[in-house]
>>> print(open('query01.cif').read())   # mmCIF, C-alpha atoms
data_coords
loop_
_atom_site.label_atom_id
_atom_site.label_comp_id
_atom_site.auth_asym_id
_atom_site.auth_seq_id
_atom_site.Cartn_x
_atom_site.Cartn_y
_atom_site.Cartn_z
CA MET A 265 90.62 122.80 80.76
CA SER A 266 93.97 122.40 82.44
CA LEU A 267 93.15 119.44 84.68
CA LEU A 268 93.38 116.68 82.11
CA LEU A 269 92.94 113.66 84.37
CA TYR A 270 90.89 113.11 87.51
CA ARG A 271 92.14 109.83 88.92
CA VAL A 272 91.21 107.68 91.90
CA ASP A 273 94.34 105.75 92.86
CA ASP A 274 95.04 104.55 96.38
CA ARG A 275 98.79 104.67 95.76
CA LEU A 276 98.49 108.35 94.84
CA ILE A 277 101.78 109.42 93.21
CA HIS A 278 103.64 106.49 91.66
CA GLY A 279 105.10 105.32 88.38
CA GLN A 280 101.84 104.81 86.49
CA VAL A 281 100.77 108.34 87.30
CA VAL A 282 104.03 110.20 86.77
CA ILE A 283 105.42 108.20 83.86
CA GLY A 284 102.41 106.37 82.42
CA TRP A 285 100.03 109.34 82.36
CA GLY A 286 102.20 112.35 83.13
CA ARG A 287 104.45 112.07 80.12
CA PRO A 288 101.86 111.62 77.35
CA LEU A 289 99.61 114.26 78.86
CA GLY A 290 102.48 116.69 79.30
CA ALA A 291 101.47 117.22 82.92
CA GLU A 292 103.24 120.05 84.67
CA PHE A 293 101.53 119.76 88.04
CA ILE A 294 99.73 117.23 90.19
CA VAL A 295 97.05 118.10 92.71
CA LEU A 296 97.04 115.47 95.44
CA VAL A 297 93.85 115.68 97.50
CA ASP A 298 94.15 113.73 100.72
CA ASN A 299 93.49 114.88 104.27
CA LEU A 300 96.24 112.77 105.85
CA VAL A 301 98.94 113.76 103.38
CA ALA A 302 97.91 117.42 103.54
CA ALA A 303 98.49 117.34 107.29
CA SER A 304 101.98 115.79 107.15
CA ASP A 305 105.12 117.56 105.94
CA TRP A 306 106.95 114.23 106.08
CA GLU A 307 104.44 112.54 103.75
CA GLN A 308 104.57 115.50 101.38
CA ASP A 309 108.37 115.33 101.18
CA LEU A 310 108.06 111.65 100.35
CA TYR A 311 105.61 112.23 97.51
CA ARG A 312 107.73 115.06 96.12
CA MET A 313 110.49 112.47 95.66
CA GLY A 314 108.23 110.76 93.15
CA VAL A 315 108.03 113.52 90.59
CA PRO A 316 110.60 115.14 88.30
CA PRO A 317 112.01 118.49 89.46
CA ASP A 318 110.00 120.44 86.92
CA MET A 319 106.66 119.01 88.06
CA GLN A 320 104.89 120.79 90.90
CA VAL A 321 102.82 118.90 93.46
CA ILE A 322 100.01 120.77 95.19
CA PHE A 323 98.81 119.13 98.41
CA ALA A 324 95.30 119.89 99.57
CA ASP A 325 92.81 118.60 102.09
CA VAL A 326 89.26 118.12 100.87
CA PRO A 327 87.83 121.48 102.00
CA THR A 328 90.73 123.31 100.37
CA ALA A 329 90.32 121.32 97.17
CA VAL A 330 86.60 122.04 97.03
CA ARG A 331 87.43 125.73 97.36
CA GLU A 332 90.33 125.79 94.89
CA ILE A 333 89.39 123.29 92.20
CA ALA A 334 88.04 125.93 89.83
CA THR A 335 91.36 127.76 90.03
CA TRP A 336 93.31 124.63 89.13
CA GLN A 337 90.91 123.86 86.29
CA HIS A 338 91.67 127.19 84.69
CA GLU A 339 95.43 127.28 85.11
CA ALA A 340 97.47 127.75 81.95
CA ARG A 341 99.46 124.64 82.84
CA LYS A 342 98.34 121.04 82.34
CA GLY A 343 97.68 119.02 85.46
CA ILE A 344 96.44 115.79 87.04
CA LEU A 345 94.21 115.58 90.10
CA LEU A 346 94.54 112.53 92.36
CA THR A 347 92.45 111.18 95.18
CA ALA A 348 92.98 107.97 97.11
CA ASP A 349 89.30 107.10 97.35
CA ILE A 350 85.98 107.44 95.59
CA ALA A 351 84.30 109.46 98.34
CA THR A 352 86.86 112.26 97.96
CA MET A 353 86.40 112.34 94.19
CA ALA A 354 82.63 112.43 94.67
CA ALA A 355 82.99 115.44 96.97
CA LEU A 356 85.02 117.24 94.32
CA ARG A 357 82.53 116.35 91.60
CA ALA A 358 79.77 117.82 93.76
CA ALA A 359 81.77 121.04 93.96
CA SER A 360 82.66 121.21 90.29
CA PRO A 361 80.48 120.35 87.31
CA GLU A 362 83.58 120.74 85.14
CA LEU A 363 84.88 117.52 86.68
CA GLU A 364 83.21 115.39 84.04
CA ARG A 365 85.46 112.39 83.52
CA ILE A 366 86.64 110.19 86.39
CA ASN A 367 89.42 107.65 85.96
CA LEU A 368 89.56 104.60 88.23
CA GLY A 369 93.27 103.88 88.18
CA GLY A 370 94.01 101.76 91.22
CA ILE A 371 91.60 100.73 93.96
CA HIS A 372 93.02 97.63 95.57
CA HIS A 373 91.68 94.82 97.69
CA ARG A 374 90.39 95.50 101.18
CA PRO A 375 87.90 93.55 103.27
CA GLY A 376 84.42 94.15 101.90
CA ARG A 377 85.59 94.89 98.38
CA THR A 378 85.14 92.52 95.46
CA ALA A 379 87.29 92.29 92.35
CA ARG A 380 85.98 94.11 89.30
CA LEU A 381 89.32 94.24 87.50
CA PRO A 382 92.83 93.26 88.60
CA TYR A 383 93.36 96.87 89.67
CA VAL A 384 89.82 97.81 90.70
CA TYR A 385 88.12 96.38 93.78
CA LEU A 386 84.91 97.99 95.00
CA THR A 387 82.46 97.67 97.85
CA ASP A 388 78.79 97.72 96.92
CA GLU A 389 78.57 101.19 98.44
CA GLU A 390 81.48 102.45 96.34
CA PHE A 391 79.86 101.03 93.23
CA ARG A 392 76.60 102.80 94.10
CA ILE A 393 78.46 106.09 94.55
CA LEU A 394 79.99 105.68 91.09
CA GLN A 395 76.60 104.89 89.58
CA GLY A 396 75.28 108.04 91.22
CA LEU A 397 78.08 110.08 89.71
CA GLU A 398 77.25 108.73 86.25
CA SER A 399 73.55 109.38 86.62
CA GLY A 400 74.52 112.92 87.58
CA GLY A 401 76.36 113.38 84.31
CA ALA A 402 79.92 112.28 85.07
CA HIS A 403 81.63 109.69 82.90
CA VAL A 404 83.45 106.98 84.86
CA THR A 405 85.97 104.63 83.29
CA ALA A 406 88.59 102.25 84.62
CA GLN A 407 91.99 102.51 82.96
CA ASP A 408 95.29 101.95 84.74
CA VAL A 409 97.59 103.24 81.99
CA PRO A 410 96.91 105.22 78.79
CA THR A 411 97.88 102.29 76.59
CA GLY A 412 95.15 100.15 78.17
CA ALA A 413 91.58 100.23 76.98
CA PRO A 414 89.16 102.32 79.07
CA ILE A 415 86.40 100.22 80.59
CA THR A 416 83.08 101.85 81.31
CA LEU A 417 81.37 101.48 84.66
CA SER A 418 78.53 99.47 83.12
CA ALA A 419 81.05 97.04 81.62
CA LEU A 420 82.69 96.28 84.96
CA PRO A 421 81.95 92.73 86.06
CA MET B 216 128.81 87.28 116.27
CA SER B 217 126.11 89.90 115.70
CA GLU B 218 122.75 89.11 114.17
CA LEU B 219 122.88 88.63 110.42
CA ILE B 220 121.21 91.39 108.45
CA ARG B 221 118.08 90.46 106.58
CA GLY B 222 117.66 91.64 103.02
CA VAL B 223 114.25 92.52 101.62
CA VAL B 224 113.83 93.17 97.90
CA ALA B 225 110.73 95.27 97.16
CA ALA B 226 109.87 95.76 93.52
CA HIS B 227 107.19 95.99 90.87
CA GLY B 228 105.50 92.89 89.52
CA PRO B 229 107.57 89.68 89.64
CA LEU B 230 110.94 91.45 89.61
CA ALA B 231 111.84 90.84 93.26
CA THR B 232 111.19 87.12 93.07
CA ALA B 233 113.29 86.85 89.93
CA LEU B 234 116.18 88.82 91.44
CA VAL B 235 116.22 86.73 94.60
CA ALA B 236 116.15 83.50 92.61
CA ALA B 237 119.01 84.73 90.46
CA VAL B 238 121.11 85.71 93.49
CA GLU B 239 120.57 82.30 95.05
CA GLN B 240 121.56 80.64 91.81
CA ILE B 241 124.74 82.68 91.50
CA SER B 242 125.84 82.74 95.14
CA GLY B 243 124.50 79.50 96.50
CA VAL B 244 123.30 81.49 99.54
CA GLU B 245 119.67 80.78 100.25
CA GLY B 246 117.28 82.51 102.62
CA ALA B 247 119.21 85.75 102.95
CA LEU B 248 116.78 87.73 100.80
CA ILE B 249 113.01 87.97 100.95
CA PRO B 250 111.14 89.15 97.85
CA VAL B 251 108.16 91.52 98.13
CA SER B 252 105.95 92.49 95.20
CA ASN B 253 103.68 95.51 95.12
CA SER B 254 101.24 93.75 92.78
CA GLY B 255 97.63 94.10 93.81
CA CYS B 256 98.48 96.24 96.84
CA ASP B 257 97.31 99.58 98.09
CA ARG B 258 99.66 101.66 100.23
CA ALA B 259 98.78 99.96 103.48
CA ARG B 260 99.17 96.46 102.08
CA ILE B 261 102.61 97.18 100.58
CA GLU B 262 103.74 98.53 103.94
CA GLU B 263 102.38 95.46 105.65
CA ARG B 264 104.18 93.11 103.28
CA ILE B 265 107.46 94.95 103.73
CA GLY B 266 107.03 95.12 107.49
CA ASP B 267 106.35 91.38 107.70
CA ALA B 268 109.43 90.66 105.59
CA VAL B 269 111.70 92.92 107.62
CA GLY B 270 110.67 91.52 110.99
CA THR B 271 112.26 92.94 114.12
CA GLY B 272 115.98 92.74 113.45
CA PRO B 273 118.45 94.72 111.35
CA ALA B 274 117.59 94.83 107.67
CA ILE B 275 118.20 96.50 104.36
CA ILE B 276 115.26 97.07 102.03
CA PHE B 277 116.37 97.07 98.41
CA VAL B 278 113.87 98.95 96.23
CA ASP B 279 113.76 98.97 92.45
CA MET B 280 112.94 102.62 91.67
CA PRO B 281 114.23 105.77 93.39
CA SER B 282 110.61 106.82 93.86
CA GLY B 283 107.19 105.24 93.71
CA SER B 284 105.03 102.97 95.76
CA CYS B 285 107.68 100.50 96.95
CA LEU B 286 110.03 103.25 98.13
CA PHE B 287 107.25 105.23 99.77
CA ALA B 288 106.03 102.17 101.62
CA ALA B 289 109.54 101.26 102.76
CA MET B 290 110.29 104.79 103.94
CA ARG B 291 106.97 105.17 105.71
CA ARG B 292 107.21 101.85 107.43
CA MET B 293 110.78 102.31 108.57
CA LYS B 294 111.06 105.99 109.39
CA ASP B 295 111.40 105.34 113.12
CA ASN B 296 113.56 102.23 112.88
CA ASP B 297 117.31 102.93 112.98
CA GLN B 298 118.16 99.26 112.38
CA VAL B 299 116.83 99.47 108.85
CA ARG B 300 118.23 101.16 105.75
CA VAL B 301 116.59 101.63 102.37
CA VAL B 302 118.66 101.35 99.18
CA THR B 303 117.14 102.19 95.78
CA GLY B 304 118.05 101.04 92.28
CA VAL B 305 118.46 97.38 93.21
CA ASN B 306 120.49 95.24 90.85
CA LEU B 307 121.99 91.78 90.86
CA ALA B 308 125.52 92.93 91.64
CA MET B 309 124.55 94.74 94.81
CA LEU B 310 122.50 91.79 96.04
CA VAL B 311 125.29 89.31 95.43
CA ASP B 312 127.65 91.54 97.41
CA PHE B 313 125.08 91.86 100.18
CA VAL B 314 124.57 88.15 100.81
CA PHE B 315 128.29 87.71 101.57
CA HIS B 316 128.51 90.64 104.02
CA ARG B 317 125.46 90.30 106.21
CA ASP B 318 127.56 90.14 109.38
CA LEU B 319 128.75 93.75 109.04
CA PRO B 320 126.94 96.77 110.53
CA VAL B 321 123.87 97.90 108.59
CA ALA B 322 125.36 101.25 107.60
CA GLU B 323 128.48 99.59 106.25
CA VAL B 324 126.57 96.91 104.34
CA SER B 325 124.26 99.46 102.74
CA ALA B 326 127.25 101.58 101.67
CA ARG B 327 128.92 98.47 100.20
CA ALA B 328 125.75 97.56 98.36
CA ILE B 329 125.49 100.99 96.77
CA ASP B 330 129.13 100.85 95.74
CA ALA B 331 128.83 97.35 94.24
CA GLY B 332 125.61 98.22 92.44
CA THR B 333 127.01 101.42 91.02
CA ARG B 334 130.25 99.81 89.86
CA ALA B 335 128.21 97.26 87.92
CA ILE B 336 126.75 99.97 85.70
CA ARG B 337 129.24 100.74 82.96
CA ILE B 338 129.96 100.53 79.28
CA PRO B 339 132.48 97.68 78.92
#
>>> encode(input="query01.cif", output="structure tokens")
Amino acid sequence: MSLLLYRVDDRLIHGQVVIGWGRPLGAEFIVLVDNLVAASDWEQDLYRMGVPPDMQVIFADVPTAVREIATWQHEARKGILLTADIATMAALRAASPELERINLGGIHHRPGRTARLPYVYLTDEEFRILQGLESGGAHVTAQDVPTGAPITLSALP
Amino acid sequence: MSELIRGVVAAHGPLATALVAAVEQISGVEGALIPVSNSGCDRARIEERIGDAVGTGPAIIFVDMPSGSCLFAAMRRMKDNDQVRVVTGVNLAMLVDFVFHRDLPVAEVSARAIDAGTRAIRIP
């Protein structure tokens, strides 16, 4: 499996992803799945600034990602897949049973969300979606950086 | 006299607050810099914090890293605002220089800040 991390992080590409996870995993590419970013060359240029020159960033909207995820999963290179929200990750999980482990890396406060961890805030609906993913066989944990302890969904307050 | 340039320091964790406090201690100039932390923020909230700090006048946003969430938010928020410049790699030397030259044009102040910050990095 060449996609080593499936992460929900509303900041998308930033230090924790590129340095915190990218280095220990030896990631050579990042798949950023986001409809808004996929539609904006300007946003894509910005996110490319956040990775080292030898790391490729693939930008995809959700339909493209659903279509291409199997290809990325079987690349020879090691990669990370990012989404900004849980609904997008759920759509990818529905398209790919190989997407077995979901990392909640940064879901910050918005109206309607309650704090589960300092870096994970969820609405009741988002929590239900995650429970549904687990009951469907996925394994969901919260972990902002590799040196932190993973916290299972059932252990979230 | 033209409007004084506002300085915004956007950084991870408590870094911005510490830098601003240190500049005020060294220079005796207070209120020239506004700290912004990205702690607990998604993309939209960081942009909002930076936008509130910048206000409507000329400003320089000093960012800690040459990539990452603070820079992205600053660039996104200010892409259509020619009164604002973004400078990365913030350090104490560049901020101290900045607070004494806020009456100069934005382009000139940002160039000075980069020069002062770069000159401060050396092996003595």
>>> resolve_selection(input="query01.cif", expression="the PyMOL selection byres ((chain A and resi 374) around 10)", output="list in words")
Ile371, His372, His373, Pro375, Gly376, Arg377, Thr378, Ala379, Tyr385, Leu386 and Thr387 of chain A; Cys256, Asp257, Ala259 and Arg260 of chain B
>>> interface_residues(input="query01.cif", of="chain B", to="chain A", cutoff="9 Å", atoms="all atoms listed in the file", output="list of chain:residue names")
B:Gly255, B:Cys256, B:Asp257, B:Arg258, B:Arg260, B:Met280, B:Pro281, B:Ser282, B:Gly283, B:Ser284, B:Cys285, B:Leu286, B:Phe287, B:Met290, B:Arg291
>>> resolve_selection(input="query01.cif", expression="the PyMOL selection byres ((chain A and resi 341) around 8)", output="PDB file with C-alpha atoms, in the coordinates of the input")
ATOM      1  CA  SER A 266      93.970 122.400  82.440  1.00  0.00           C
ATOM      2  CA  ALA A 291     101.470 117.220  82.920  1.00  0.00           C
ATOM      3  CA  GLU A 292     103.240 120.050  84.670  1.00  0.00           C
ATOM      4  CA  PHE A 293     101.530 119.760  88.040  1.00  0.00           C
ATOM      5  CA  GLU A 339      95.430 127.280  85.110  1.00  0.00           C
ATOM      6  CA  ALA A 340      97.470 127.750  81.950  1.00  0.00           C
ATOM      7  CA  LYS A 342      98.340 121.040  82.340  1.00  0.00           C
ATOM      8  CA  GLY A 343      97.680 119.020  85.460  1.00  0.00           C
TER       9      GLY A 343
END
>>> resolve_selection(input="query01.cif", expression="the PyMOL selection byres ((chain A and resi 357) around 12)", output="PyMOL selection string")
chain A and resi 270-271+326+329-330+333-334+345+347+350-356+358-366+393-394+396-398+400-404
>>> axis_aligned_box(input="query01.cif", around="segment 404-413 of chain A", padding_each_side="4 Å", output="JSON")
{"center_x": 90.7, "center_y": 103.6, "center_z": 80.7, "size_x": 22.4, "size_y": 14.8, "size_z": 16.3}
>>> closest_residue(input="query01.cif", among="A:Trp285, A:Asp318, A:Leu346, A:Gln337", to="Val297 of chain A", atoms="all atoms listed in the file")
A:Leu346
>>> atom_distance(input="query01.cif", atom1="atom CA of Gln298 of chain B", atom2="atom CA of Glu262 of chain B")
16.7 Å
>>> atom_distance(input="query01.cif", atom1="atom CA of Pro288 of chain A", atom2="atom CA of Val272 of chain A")
18.5 Å
>>> residues_around(input="query01.cif", residues="Arg264 of chain B", least_positions_apart="5", cutoff="10 Å", atoms="all atoms listed in the file", output="PyMOL selection string")
chain B and resi 225+250-253+256+259+269+288-289
>>> closest_residue(input="query01.cif", among="B:Ala331, B:Ala308, B:Ile261, B:Val301", to="Ile275 of chain B", atoms="only C-alpha atoms")
B:Val301
